[in-house]
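Dumped model_25.tsv below, it's TSV, C-alpha atoms:
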```tsv
chain	number	residue	atom	x	y	z
A	21	MET	CA	125.61	-43.46	288.05
A	22	ASN	CA	128.04	-43.77	285.17
A	23	SER	CA	126.72	-46.35	282.71
A	24	SER	CA	130.12	-48.06	282.41
A	25	ILE	CA	130.25	-48.52	286.19
A	26	ALA	CA	126.71	-49.88	286.15
A	27	GLN	CA	127.64	-52.35	283.42
A	28	LEU	CA	130.72	-53.44	285.38
A	29	ILE	CA	128.59	-54.08	288.47
A	30	PHE	CA	126.03	-56.00	286.42
A	31	SER	CA	128.79	-58.07	284.83
A	32	GLU	CA	130.49	-58.88	288.14
A	33	GLN	CA	127.20	-59.81	289.78
A	34	ARG	CA	126.07	-61.80	286.74
A	35	MET	CA	122.94	-59.67	286.35
A	36	ALA	CA	120.88	-58.37	283.42
A	37	TYR	CA	117.55	-56.55	283.06
A	38	ALA	CA	114.79	-55.71	280.62
A	39	LEU	CA	112.21	-52.89	280.65
A	40	VAL	CA	108.66	-53.90	279.73
A	41	ASP	CA	105.70	-51.63	278.89
A	42	GLN	CA	102.12	-51.96	280.10
A	43	GLU	CA	101.41	-54.56	277.42
A	44	TRP	CA	104.35	-56.65	278.65
A	45	ILE	CA	106.34	-55.91	275.50
A	46	VAL	CA	110.11	-55.61	275.88
A	47	GLN	CA	111.31	-52.02	275.29
A	48	ASP	CA	114.92	-52.07	276.44
A	49	VAL	CA	117.56	-54.66	277.45
A	50	SER	CA	120.86	-54.33	279.31
A	51	GLY	CA	123.37	-57.01	280.21
A	52	ASP	CA	124.11	-60.51	278.94
A	53	PRO	CA	121.08	-61.84	276.97
A	54	ALA	CA	122.05	-65.40	277.96
A	55	ILE	CA	121.35	-64.47	281.59
A	56	LEU	CA	117.99	-62.91	280.72
A	57	TRP	CA	116.56	-65.46	278.33
A	58	GLY	CA	118.88	-68.42	278.39
A	59	GLU	CA	120.49	-69.94	275.32
A	60	SER	CA	117.23	-71.09	273.76
A	61	THR	CA	116.07	-67.62	272.61
A	62	GLN	CA	117.38	-66.32	269.27
A	63	GLY	CA	116.98	-62.92	267.60
A	64	ASN	CA	116.25	-59.41	268.88
A	65	PRO	CA	114.04	-59.45	272.02
A	66	ILE	CA	112.91	-55.82	271.56
A	67	GLY	CA	109.24	-55.78	270.66
A	68	GLN	CA	108.62	-59.34	271.81
A	69	SER	CA	106.27	-60.42	274.59
A	70	LEU	CA	107.90	-61.05	277.99
A	71	LEU	CA	105.85	-64.23	278.46
A	72	ALA	CA	107.13	-65.59	275.14
A	73	LEU	CA	110.72	-64.90	276.14
A	74	VAL	CA	110.41	-66.14	279.75
A	75	PRO	CA	108.36	-69.34	279.89
A	76	GLU	CA	108.89	-69.48	283.71
A	77	LEU	CA	106.36	-66.63	284.01
A	78	VAL	CA	103.65	-68.58	282.21
A	79	GLY	CA	101.11	-69.51	284.82
A	80	ASN	CA	102.02	-66.49	286.95
A	81	GLU	CA	100.04	-63.94	284.92
A	82	GLU	CA	97.83	-62.93	287.86
A	83	ALA	CA	100.89	-62.20	289.96
A	84	VAL	CA	102.42	-60.12	287.10
A	85	ARG	CA	99.20	-58.06	286.89
A	86	GLY	CA	99.27	-57.63	290.68
A	87	VAL	CA	102.77	-56.14	290.45
A	88	GLN	CA	101.75	-53.94	287.54
A	89	ASN	CA	98.64	-52.65	289.36
A	90	GLY	CA	100.49	-52.07	292.62
A	91	ASP	CA	98.67	-54.85	294.50
A	92	MET	CA	101.99	-56.65	294.95
A	93	GLU	CA	105.36	-55.07	295.63
A	94	ARG	CA	107.25	-57.61	293.56
A	95	LEU	CA	107.27	-61.13	292.12
A	96	ARG	CA	110.37	-63.18	292.90
A	97	LEU	CA	111.16	-66.68	291.63
A	98	GLU	CA	114.18	-68.25	293.36
A	99	SER	CA	116.70	-70.66	291.84
A	100	VAL	CA	114.96	-71.29	288.53
A	101	ASN	CA	116.92	-73.95	286.68
A	102	ARG	CA	117.87	-73.58	283.03
A	103	THR	CA	120.17	-75.39	280.61
A	104	ASP	CA	123.09	-73.52	279.03
A	105	ALA	CA	124.60	-74.03	275.56
A	106	GLN	CA	126.87	-76.83	276.85
A	107	GLY	CA	123.94	-78.72	278.31
A	108	ASN	CA	124.86	-77.87	281.90
A	109	THR	CA	122.22	-76.91	284.43
A	110	CYS	CA	122.39	-73.34	285.67
A	111	TYR	CA	120.23	-71.43	288.15
A	112	VAL	CA	118.82	-67.90	288.00
A	113	THR	CA	116.70	-65.72	290.26
A	114	LEU	CA	113.88	-63.77	288.53
A	115	LEU	CA	112.62	-60.47	289.95
A	116	LEU	CA	109.69	-58.46	288.55
A	117	CYS	CA	108.68	-55.06	289.95
A	118	ALA	CA	106.91	-51.91	288.74
A	119	CYS	CA	108.96	-48.97	287.44
A	120	ARG	CA	108.52	-45.78	285.43
A	121	LEU	CA	109.76	-46.03	281.85
A	122	PRO	CA	112.34	-43.29	281.14
A	123	GLU	CA	111.26	-42.49	277.58
A	124	CYS	CA	107.47	-42.16	277.94
A	125	GLY	CA	107.05	-41.76	281.69
A	126	GLU	CA	104.48	-44.54	281.81
A	127	THR	CA	104.49	-47.26	284.49
A	128	GLY	CA	106.00	-50.45	283.19
A	129	LEU	CA	107.84	-53.41	284.60
A	130	LEU	CA	111.47	-54.03	285.44
A	131	PHE	CA	112.48	-57.64	284.77
A	132	LEU	CA	115.75	-58.33	286.64
A	133	VAL	CA	117.63	-61.62	286.39
A	134	GLN	CA	120.71	-62.76	288.36
A	135	ASP	CA	122.76	-65.88	287.66
A	136	VAL	CA	123.02	-67.76	290.98
A	137	THR	CA	124.34	-71.04	289.59
A	138	GLU	CA	127.12	-71.37	292.15
A	139	HIS	CA	124.71	-70.81	295.01
A	140	GLY	CA	122.09	-73.02	293.36
A	141	VAL	CA	124.50	-75.91	292.93
A	142	VAL	CA	125.44	-75.67	296.60
A	143	GLN	CA	121.75	-75.57	297.56
A	144	GLN	CA	120.99	-78.58	295.39
A	145	GLU	CA	123.89	-80.51	296.89
A	146	LEU	CA	122.74	-79.59	300.40
A	147	MET	CA	119.22	-80.69	299.57
A	148	GLN	CA	120.53	-83.94	298.14
A	149	ARG	CA	122.66	-84.56	301.25
A	150	HIS	CA	119.67	-83.72	303.42
A	151	ASN	CA	117.52	-86.23	301.54
A	152	GLU	CA	120.26	-88.85	301.77
A	153	LEU	CA	120.58	-88.24	305.51
A	154	ARG	CA	116.83	-88.49	305.93
A	155	LEU	CA	116.79	-91.80	304.05
A	156	LEU	CA	119.74	-93.01	306.12
A	157	GLN	CA	117.95	-91.99	309.30
A	158	GLN	CA	114.85	-93.90	308.19
A	159	ARG	CA	116.97	-96.97	307.45
A	160	MET	CA	118.66	-96.71	310.83
A	161	GLU	CA	115.29	-96.40	312.56
A	162	TRP	CA	114.08	-99.54	310.78
A	163	GLN	CA	117.31	-101.35	311.64
A	164	ASN	CA	116.99	-100.28	315.27
A	165	LEU	CA	113.46	-101.64	315.34
A	166	GLU	CA	114.65	-104.90	313.78
A	167	LEU	CA	117.57	-105.10	316.24
A	168	ALA	CA	115.24	-104.44	319.17
A	169	ALA	CA	112.94	-107.21	317.98
A	170	SER	CA	115.91	-109.55	317.47
A	171	ASN	CA	117.31	-108.70	320.92
A	172	THR	CA	113.96	-109.39	322.51
A	173	GLU	CA	113.76	-112.71	320.71
A	174	LEU	CA	117.34	-113.62	321.67
A	175	ARG	CA	116.72	-112.64	325.27
A	176	LEU	CA	113.63	-114.84	325.34
A	177	MET	CA	115.55	-117.72	323.76
A	178	ASN	CA	118.36	-117.32	326.31
A	179	GLU	CA	115.86	-117.37	329.15
A	180	ILE	CA	114.21	-120.49	327.73
A	181	ARG	CA	117.61	-122.16	327.21
A	182	SER	CA	118.82	-121.28	330.71
A	183	SER	CA	115.57	-122.50	332.26
A	184	PHE	CA	115.74	-125.73	330.27
A	185	ILE	CA	119.37	-126.35	331.22
A	186	SER	CA	118.67	-125.64	334.89
A	187	VAL	CA	115.63	-127.91	335.04
A	188	ALA	CA	117.30	-130.66	333.02
A	189	ALA	CA	120.50	-130.54	335.07
A	190	HIS	CA	118.63	-130.59	338.38
A	191	GLU	CA	116.39	-133.45	337.28
A	192	LEU	CA	119.37	-135.47	336.00
A	193	ARG	CA	121.66	-134.74	338.93
A	194	THR	CA	119.24	-136.13	341.54
A	195	PRO	CA	119.08	-139.70	340.15
A	196	LEU	CA	122.80	-139.60	339.28
A	197	THR	CA	123.64	-138.78	342.88
A	198	SER	CA	121.64	-141.81	343.99
A	199	ILE	CA	123.35	-143.98	341.39
A	200	TYR	CA	126.75	-142.78	342.57
A	201	GLY	CA	125.87	-143.50	346.20
A	202	PHE	CA	124.71	-147.05	345.51
A	203	LEU	CA	127.78	-147.57	343.32
A	204	GLU	CA	130.04	-146.76	346.27
A	205	LEU	CA	128.09	-149.22	348.44
A	206	LEU	CA	128.55	-151.94	345.83
A	207	GLN	CA	132.27	-151.25	345.60
A	208	ASP	CA	132.69	-151.29	349.39
A	209	SER	CA	130.70	-154.46	349.94
A	210	GLY	CA	131.48	-156.28	346.72
A	211	GLU	CA	135.16	-157.10	347.16
A	212	ASP	CA	134.33	-160.56	348.56
A	213	ASN	CA	131.24	-161.18	346.39
A	214	LEU	CA	132.23	-159.78	342.97
A	215	THR	CA	134.79	-160.96	340.49
A	216	ALA	CA	137.71	-158.77	339.40
A	217	GLU	CA	136.01	-158.17	336.05
A	218	GLN	CA	132.80	-157.04	337.74
A	219	LEU	CA	134.77	-154.66	339.98
A	220	GLU	CA	136.49	-153.28	336.89
A	221	HIS	CA	133.10	-152.68	335.28
A	222	LEU	CA	131.97	-150.83	338.41
A	223	GLY	CA	135.06	-148.64	338.07
A	224	TRP	CA	134.07	-147.75	334.53
A	225	ILE	CA	130.55	-146.93	335.70
A	226	GLU	CA	132.00	-144.74	338.46
A	227	THR	CA	134.21	-142.84	335.98
A	228	SER	CA	131.30	-142.25	333.60
A	229	THR	CA	129.03	-141.15	336.46
A	230	GLU	CA	131.64	-138.69	337.75
A	231	ARG	CA	132.09	-137.29	334.25
A	232	LEU	CA	128.35	-136.86	333.80
A	233	LEU	CA	127.98	-135.18	337.20
A	234	THR	CA	130.84	-132.81	336.33
A	235	THR	CA	129.19	-131.93	333.02
A	236	LEU	CA	125.84	-131.29	334.72
A	237	ASN	CA	127.47	-129.06	337.32
A	238	GLU	CA	129.23	-127.10	334.56
A	239	LEU	CA	125.94	-126.68	332.69
A	240	LEU	CA	124.31	-125.36	335.85
A	241	ASP	CA	127.17	-122.92	336.47
A	242	ALA	CA	127.07	-121.72	332.85
A	243	ALA	CA	123.28	-121.18	333.09
A	244	ARG	CA	123.70	-119.20	336.32
A	245	ILE	CA	126.46	-117.07	334.77
A	246	ASP	CA	124.42	-116.36	331.63
A	247	SER	CA	121.41	-115.29	333.68
A	248	ASP	CA	123.48	-113.29	336.24
A	249	ARG	CA	122.30	-115.56	339.05
A	250	LEU	CA	125.69	-116.81	340.23
A	251	GLU	CA	126.55	-115.27	343.61
A	252	LEU	CA	129.91	-115.22	345.38
A	253	VAL	CA	130.48	-115.36	349.14
A	254	LEU	CA	133.72	-113.44	349.59
A	255	ARG	CA	135.91	-113.85	352.65
A	256	PRO	CA	139.62	-113.75	353.52
A	257	VAL	CA	141.33	-117.05	352.74
A	258	SER	CA	144.88	-118.32	352.42
A	259	ILE	CA	145.80	-119.11	348.82
A	260	ASP	CA	147.79	-122.11	350.12
A	261	GLN	CA	144.57	-123.63	351.43
A	262	VAL	CA	142.76	-123.05	348.13
A	263	VAL	CA	145.55	-124.79	346.21
A	264	ASP	CA	145.70	-127.70	348.71
A	265	ASP	CA	141.93	-128.25	348.48
A	266	ALA	CA	142.07	-128.21	344.68
A	267	LEU	CA	144.93	-130.77	344.71
A	268	LEU	CA	143.00	-133.28	346.84
A	269	GLU	CA	140.75	-134.14	343.92
A	270	LEU	CA	143.53	-133.99	341.33
A	271	GLU	CA	146.20	-136.09	343.08
A	272	PRO	CA	144.79	-139.51	342.01
A	273	ARG	CA	144.87	-138.42	338.38
A	274	LEU	CA	148.42	-137.12	338.64
A	275	SER	CA	149.54	-140.38	340.29
A	276	ALA	CA	147.82	-142.50	337.68
A	277	ARG	CA	149.68	-140.65	334.91
A	278	ARG	CA	152.96	-140.37	336.86
A	279	GLN	CA	152.87	-136.60	336.53
A	280	HIS	CA	154.68	-134.31	338.93
A	281	LEU	CA	153.44	-130.92	340.11
A	282	ASP	CA	155.94	-128.23	341.13
A	283	VAL	CA	154.31	-125.74	343.50
A	284	GLU	CA	156.01	-122.43	344.28
A	285	ILE	CA	154.13	-120.27	346.79
A	286	PRO	CA	156.22	-117.78	348.80
A	287	PRO	CA	155.59	-117.47	352.55
A	288	ASP	CA	153.81	-114.50	354.10
A	289	LEU	CA	151.50	-113.86	351.13
A	290	PRO	CA	148.49	-111.69	351.94
A	291	GLN	CA	145.13	-113.39	352.22
A	292	ALA	CA	143.03	-113.52	349.09
A	293	LEU	CA	139.55	-112.02	349.12
A	294	CYS	CA	137.49	-114.63	347.29
A	295	ASP	CA	134.79	-117.28	347.43
A	296	PRO	CA	136.90	-120.28	348.53
A	297	SER	CA	134.82	-122.96	346.81
A	298	ARG	CA	134.64	-121.03	343.56
A	299	MET	CA	138.34	-120.16	343.58
A	300	GLU	CA	139.10	-123.83	344.32
A	301	GLN	CA	137.00	-124.63	341.24
A	302	VAL	CA	139.08	-122.18	339.15
A	303	VAL	CA	142.44	-123.56	340.34
A	304	GLY	CA	141.20	-127.12	339.99
A	305	HIS	CA	140.15	-126.57	336.40
A	306	LEU	CA	143.45	-124.92	335.44
A	307	LEU	CA	145.37	-127.84	336.97
A	308	SER	CA	143.04	-130.41	335.40
A	309	ASN	CA	143.48	-128.77	332.00
A	310	ALA	CA	147.26	-128.74	332.40
A	311	SER	CA	147.21	-132.43	333.35
A	312	LYS	CA	145.08	-133.33	330.31
A	313	PHE	CA	147.56	-131.85	327.87
A	314	THR	CA	150.78	-132.86	329.63
A	315	PRO	CA	152.09	-136.29	328.57
A	316	ASP	CA	152.42	-139.14	331.07
A	317	GLY	CA	155.43	-138.61	333.30
A	318	GLY	CA	155.48	-134.87	332.55
A	319	VAL	CA	155.76	-131.93	334.91
A	320	LEU	CA	153.17	-129.27	335.76
A	321	ALA	CA	154.06	-126.03	337.52
A	322	LEU	CA	152.00	-123.75	339.77
A	323	GLN	CA	153.35	-120.41	340.98
A	324	VAL	CA	151.84	-117.59	343.05
A	325	HIS	CA	153.27	-114.10	343.55
A	326	PRO	CA	151.96	-110.59	344.26
A	327	THR	CA	151.40	-108.26	341.31
A	328	LYS	CA	153.39	-105.03	340.98
A	329	SER	CA	150.48	-102.98	342.35
A	330	GLY	CA	150.26	-105.27	345.37
A	331	GLU	CA	146.46	-105.36	345.06
A	332	PHE	CA	146.28	-108.83	343.53
A	333	LEU	CA	147.92	-112.24	343.65
A	334	CYS	CA	148.93	-113.71	340.32
A	335	LEU	CA	148.50	-117.50	340.09
A	336	SER	CA	150.08	-119.24	337.08
A	337	VAL	CA	149.71	-122.85	335.88
A	338	ALA	CA	152.06	-124.19	333.17
A	339	ASP	CA	151.83	-127.45	331.24
A	340	GLN	CA	154.10	-129.39	328.86
A	341	GLY	CA	151.53	-129.93	326.13
A	342	ASP	CA	151.63	-129.02	322.45
A	343	GLY	CA	150.38	-125.47	323.04
A	344	ILE	CA	147.35	-123.76	321.57
A	345	GLU	CA	146.88	-123.55	317.81
A	346	GLU	CA	146.93	-119.97	316.54
A	347	ALA	CA	143.57	-120.33	314.77
A	348	GLU	CA	141.91	-121.27	318.08
A	349	GLU	CA	143.39	-118.58	320.34
A	350	ASN	CA	140.51	-116.11	319.91
A	351	ARG	CA	137.87	-118.78	320.68
A	352	LEU	CA	139.52	-120.36	323.69
A	353	PHE	CA	137.16	-118.86	326.29
A	354	GLU	CA	133.93	-119.35	324.31
A	355	ARG	CA	131.13	-121.54	325.60
A	356	PHE	CA	131.17	-125.14	324.32
A	357	PHE	CA	134.40	-124.59	322.38
A	358	ARG	CA	136.53	-127.70	322.04
A	359	GLY	CA	139.81	-127.34	320.19
A	360	GLU	CA	141.16	-129.66	317.53
A	361	GLN	CA	143.74	-131.08	319.92
A	362	VAL	CA	140.99	-131.96	322.42
A	363	ARG	CA	139.01	-133.82	319.77
A	364	LYS	CA	142.10	-135.67	318.53
A	365	ASN	CA	143.05	-136.80	322.03
A	366	GLY	CA	139.50	-137.81	322.87
A	367	THR	CA	139.64	-135.64	325.99
A	368	ALA	CA	136.34	-135.56	327.87
A	369	GLY	CA	134.48	-132.33	328.56
A	370	ALA	CA	131.68	-130.11	327.28
A	371	GLY	CA	133.91	-127.15	326.45
A	372	LEU	CA	132.63	-125.07	329.37
A	373	GLY	CA	135.63	-125.19	331.71
A	374	LEU	CA	137.56	-122.16	330.49
A	375	TYR	CA	134.34	-120.19	329.94
A	376	ILE	CA	133.32	-120.77	333.56
A	377	THR	CA	136.88	-120.15	334.79
A	378	ARG	CA	137.10	-116.79	333.03
A	379	SER	CA	133.64	-115.79	334.30
A	380	LEU	CA	134.49	-116.69	337.90
A	381	VAL	CA	137.82	-114.83	337.77
A	382	GLU	CA	136.17	-111.72	336.32
A	383	LEU	CA	133.34	-111.89	338.89
A	384	HIS	CA	136.08	-111.70	341.55
A	385	GLY	CA	137.42	-108.56	339.86
A	386	GLY	CA	140.48	-110.34	338.42
A	387	GLU	CA	141.79	-111.09	334.95
A	388	ILE	CA	142.79	-114.22	333.05
A	389	TRP	CA	145.25	-114.56	330.18
A	390	TYR	CA	147.72	-117.06	328.79
A	391	GLU	CA	151.13	-117.36	327.19
A	392	ASN	CA	151.40	-119.84	324.38
A	393	SER	CA	154.45	-121.63	323.02
A	394	PRO	CA	153.38	-124.03	320.23
A	395	GLY	CA	155.08	-127.36	320.69
A	396	HIS	CA	156.27	-126.50	324.21
A	397	GLY	CA	153.08	-125.93	326.19
A	398	SER	CA	151.13	-123.00	327.54
A	399	THR	CA	150.85	-121.05	330.80
A	400	PHE	CA	147.58	-119.65	332.15
A	401	HIS	CA	147.61	-116.69	334.54
A	402	ILE	CA	144.85	-115.36	336.79
A	403	THR	CA	144.76	-112.49	339.27
A	404	ILE	CA	142.95	-112.69	342.61
A	405	PRO	CA	142.24	-109.63	344.79
A	406	VAL	CA	143.82	-109.54	348.24
A	407	VAL	CA	142.39	-108.37	351.57
A	408	GLU	CA	145.24	-105.95	352.24
A	409	PRO	CA	147.56	-104.78	349.43
A	410	VAL	CA	151.20	-105.84	349.58
A	411	VAL	CA	153.79	-103.07	350.01
A	412	LEU	CA	156.80	-103.81	347.83
A	413	PRO	CA	160.08	-101.98	348.60
A	414	GLN	CA	162.23	-100.50	345.86
A	415	ASN	CA	164.60	-103.49	345.74
A	416	GLY	CA	161.70	-105.77	344.73
A	417	ALA	CA	161.76	-107.95	347.86
A	418	MET	CA	158.36	-108.48	349.43
A	419	ALA	CA	157.78	-106.52	352.65
A	420	ALA	CA	156.11	-108.01	355.67
A	421	VAL	CA	152.33	-107.99	355.50
A	422	VAL	CA	149.94	-108.18	358.40
A	423	ASN	CA	146.81	-110.04	357.27
A	424	GLY	CA	143.40	-109.16	358.64
```
Please render this file's structure as structure tokens.
Amino acid sequence: MNSSIAQLIFSEQRMAYALVDQEWIVQDVSGDPAILWGESTQGNPIGQSLLALVPELVGNEEAVRGVQNGDMERLRLESVNRTDAQGNTCYVTLLLCACRLPECGETGLLFLVQDVTEHGVVQQELMQRHNELRLLQQRMEWQNLELAASNTELRLMNEIRSSFISVAAHELRTPLTSIYGFLELLQDSGEDNLTAEQLEHLGWIETSTERLLTTLNELLDAARIDSDRLELVLRPVSIDQVVDDALLELEPRLSARRQHLDVEIPPDLPQALCDPSRMEQVVGHLLSNASKFTPDGGVLALQVHPTKSGEFLCLSVADQGDGIEEAEENRLFERFFRGEQVRKNGTAGAGLGLYITRSLVELHGGEIWYENSPGHGSTFHITIPVVEPVVLPQNGAMAAVVNG
């Protein structure tokens, strides 16, 4: 091969070589000396020992002899790092194999070096990324173990809390039911024997007992929901009947506060598929909440209409309160959350009503949301599945529905 072509190839491939005799003394050199020896070696390498010029071979003398004696085909050292004149790290591959010297015909050694800095840098970066990923994986494994332990602890704490709430509520509800029963007997038989002040005191006791019973029932419902033990008995029911049953308990409160309720329920609505007592609880709470935040003499509104898909009924309850503060909107359905307006007004309740309402609606397969108008009130909407979907004609008027 033409020597100029060989030099061009060596230059392009960043390669250089040296020929070494049997005593490991350098006899000939071709290519860039910086590739062969690095920047640390000065002077003419001819006549110098290969081990003195290439410190990477120190410690590999047995392997060099093996190559020289033919016991080994070659000695190869991959990605040896060196420092160039600018202080940058570079990488070279060293290759040592036996060859016949052209001048004397004796068997010597060919020492071939190739600059593989670009490849070496990539390899080092890959190794670094691999190590970082391995460390990250170890951290994630530790975090997963910690999370699993925390989840187990939280699950145990939830079970303990739910059990405590259930036991406490049951144990408290039994004597409270007896107290409430005897209180009614006193009120019925005490009109002729008790003074007006004593009857008034009995009324206060009755109100407090009812409030406590309501709170205990809410705690029991919340415990059942949290432990997935709340069961629904679904059956076809008229939404009119659900609303009427919910109003029976609420009417005395509305009368006492001179509040008016506008009810708009179209005829011929399909039957809802729900647990009647639980849906009555949902409607009752929405109406009770609306009454709490509507001023005396105000108006509440309840509307029911089929959804566009016809698969649900949408029930909406609007109040004339001050609306929901923006900072509290994301926490409205949390357990035990009581807003600033509730605390200011001294409104009774444990902050479980909307949490239970949302849970019951979602257990029925429906949704709950609200529209808020600060200073002008809010409107809560829920959807309730129907037994047979409504078929709506193109003009938007409701078609006749045959209920099962």
query = Restricting the calculation to all atoms listed in the file, which member of A:Gly385, A:Gln148, A:Val142, A:Trp44 is positioned closest to Tyr111 of chain A?
reply = A:Val142
Could you make a table, as CSV, of the residues of segment 116-180 of chain A that have an atom within 9 Å of an atom of segment 83-95 of chain A, each with its nearest atom pair and distance in Å to one decimal, counting all atoms listed in the file, in chain and number order?
```
residue,atom,partner,partner_atom,distance
A:Leu116,CA,A:Leu95,CA,5.1
A:Cys117,CA,A:Arg94,CA,4.6
A:Ala118,CA,A:Gln88,CA,5.7
A:Cys119,CA,A:Gln88,CA,8.8
A:Thr127,CA,A:Gln88,CA,7.8
A:Gly128,CA,A:Gln88,CA,7.0
A:Leu129,CA,A:Gln88,CA,6.8
```
task = Could you jot down the atom CA of Val100 of chain A to atom CA of Thr113 of chain A separation for me, Å, one decimal place?
result =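 Taking atom CA of Val100 of chain A and atom CA of Thr113 of chain A, their separation equals 6.1 Å.
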query = Can you list, as a list in words, every protein, DNA or RNA residue that comes within 8 Å of Val136 of chain A when you count all atoms listed in the file, leaving out same-chain residues fewer than 3 positions away?
reply =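 Contacts, with the query itself left out: Arg34, Ser99, Cys110, Tyr111, Val112, Thr113, His139 and Gly140 of chain A.
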Keeping C-alpha atoms, export the residues of the selection given above as a CSV table (one decimal), keeping the file's coordinate frame.
```
chain,number,residue,atom,x,y,z
A,34,ARG,CA,126.1,-61.8,286.7
A,99,SER,CA,116.7,-70.7,291.8
A,110,CYS,CA,122.4,-73.3,285.7
A,111,TYR,CA,120.2,-71.4,288.2
A,112,VAL,CA,118.8,-67.9,288.0
A,113,THR,CA,116.7,-65.7,290.3
A,139,HIS,CA,124.7,-70.8,295.0
A,140,GLY,CA,122.1,-73.0,293.4
```
request  = Name all residues at most 10 Å from Gly397 of chain A (count only C-alpha atoms; drop same-chain ones fewer than 6 positions away) and give them as an MDAnalysis selection string.
outcome  = chainID A and resid 310 313:314 338:344 391
Would you mind exporting the chosen residues as a PDB file, in the frame of the given file, restricted to C-alpha atoms?
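Written file, again.pdb:
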```
ATOM      1  CA  ALA A 310     147.260-128.740 332.400  1.00  0.00           C
ATOM      2  CA  PHE A 313     147.560-131.850 327.870  1.00  0.00           C
ATOM      3  CA  THR A 314     150.780-132.860 329.630  1.00  0.00           C
ATOM      4  CA  ALA A 338     152.060-124.190 333.170  1.00  0.00           C
ATOM      5  CA  ASP A 339     151.830-127.450 331.240  1.00  0.00           C
ATOM      6  CA  GLN A 340     154.100-129.390 328.860  1.00  0.00           C
ATOM      7  CA  GLY A 341     151.530-129.930 326.130  1.00  0.00           C
ATOM      8  CA  ASP A 342     151.630-129.020 322.450  1.00  0.00           C
ATOM      9  CA  GLY A 343     150.380-125.470 323.040  1.00  0.00           C
ATOM     10  CA  ILE A 344     147.350-123.760 321.570  1.00  0.00           C
ATOM     11  CA  GLU A 391     151.130-117.360 327.190  1.00  0.00           C
TER      12      GLU A 391
END
```
task = Tell me, as a count of residues only, which residues lie within 12 Å of Ala276 of chain A, counting all atoms listed in the file; anything in the same chain fewer than 2 positions away does not count.
result = 13
Spatial neighbours of Thr103 of chain A, max dist 12 Å, all atoms listed in the file, sep filter under 3 positions, as a PyMOL selection string = chain A and resi 54-55+57-61+100+106-112+137
message = Measuring between all atoms listed in the file, which one of A:Leu307, A:Leu70, A:Val381, A:Val283 shows the shortest distance to His325 of chain A?
response =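 Comparing A:Leu307, A:Leu70, A:Val381, A:Val283 against His325 of chain A, the winner is A:Val283.
Each of A:Leu71, A:Ala243, A:Leu156, A:Leu214 was compared to Val187 of chain A using all atoms listed in the file, and A:Ala243 turns out to be the nearest.
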Nearest residue to Asn178 of chain A from the set A:Asn213, A:Asn151, A:Ser247, A:Ser336 (distances using only C-alpha atoms) =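 Nearest to Asn178 of chain A: A:Ser247.
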query = Separation of atom CA of Leu254 of chain A and atom CA of Leu293 of chain A, in Å?
reply =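 Here the two named atoms are 6.0 Å from each other.
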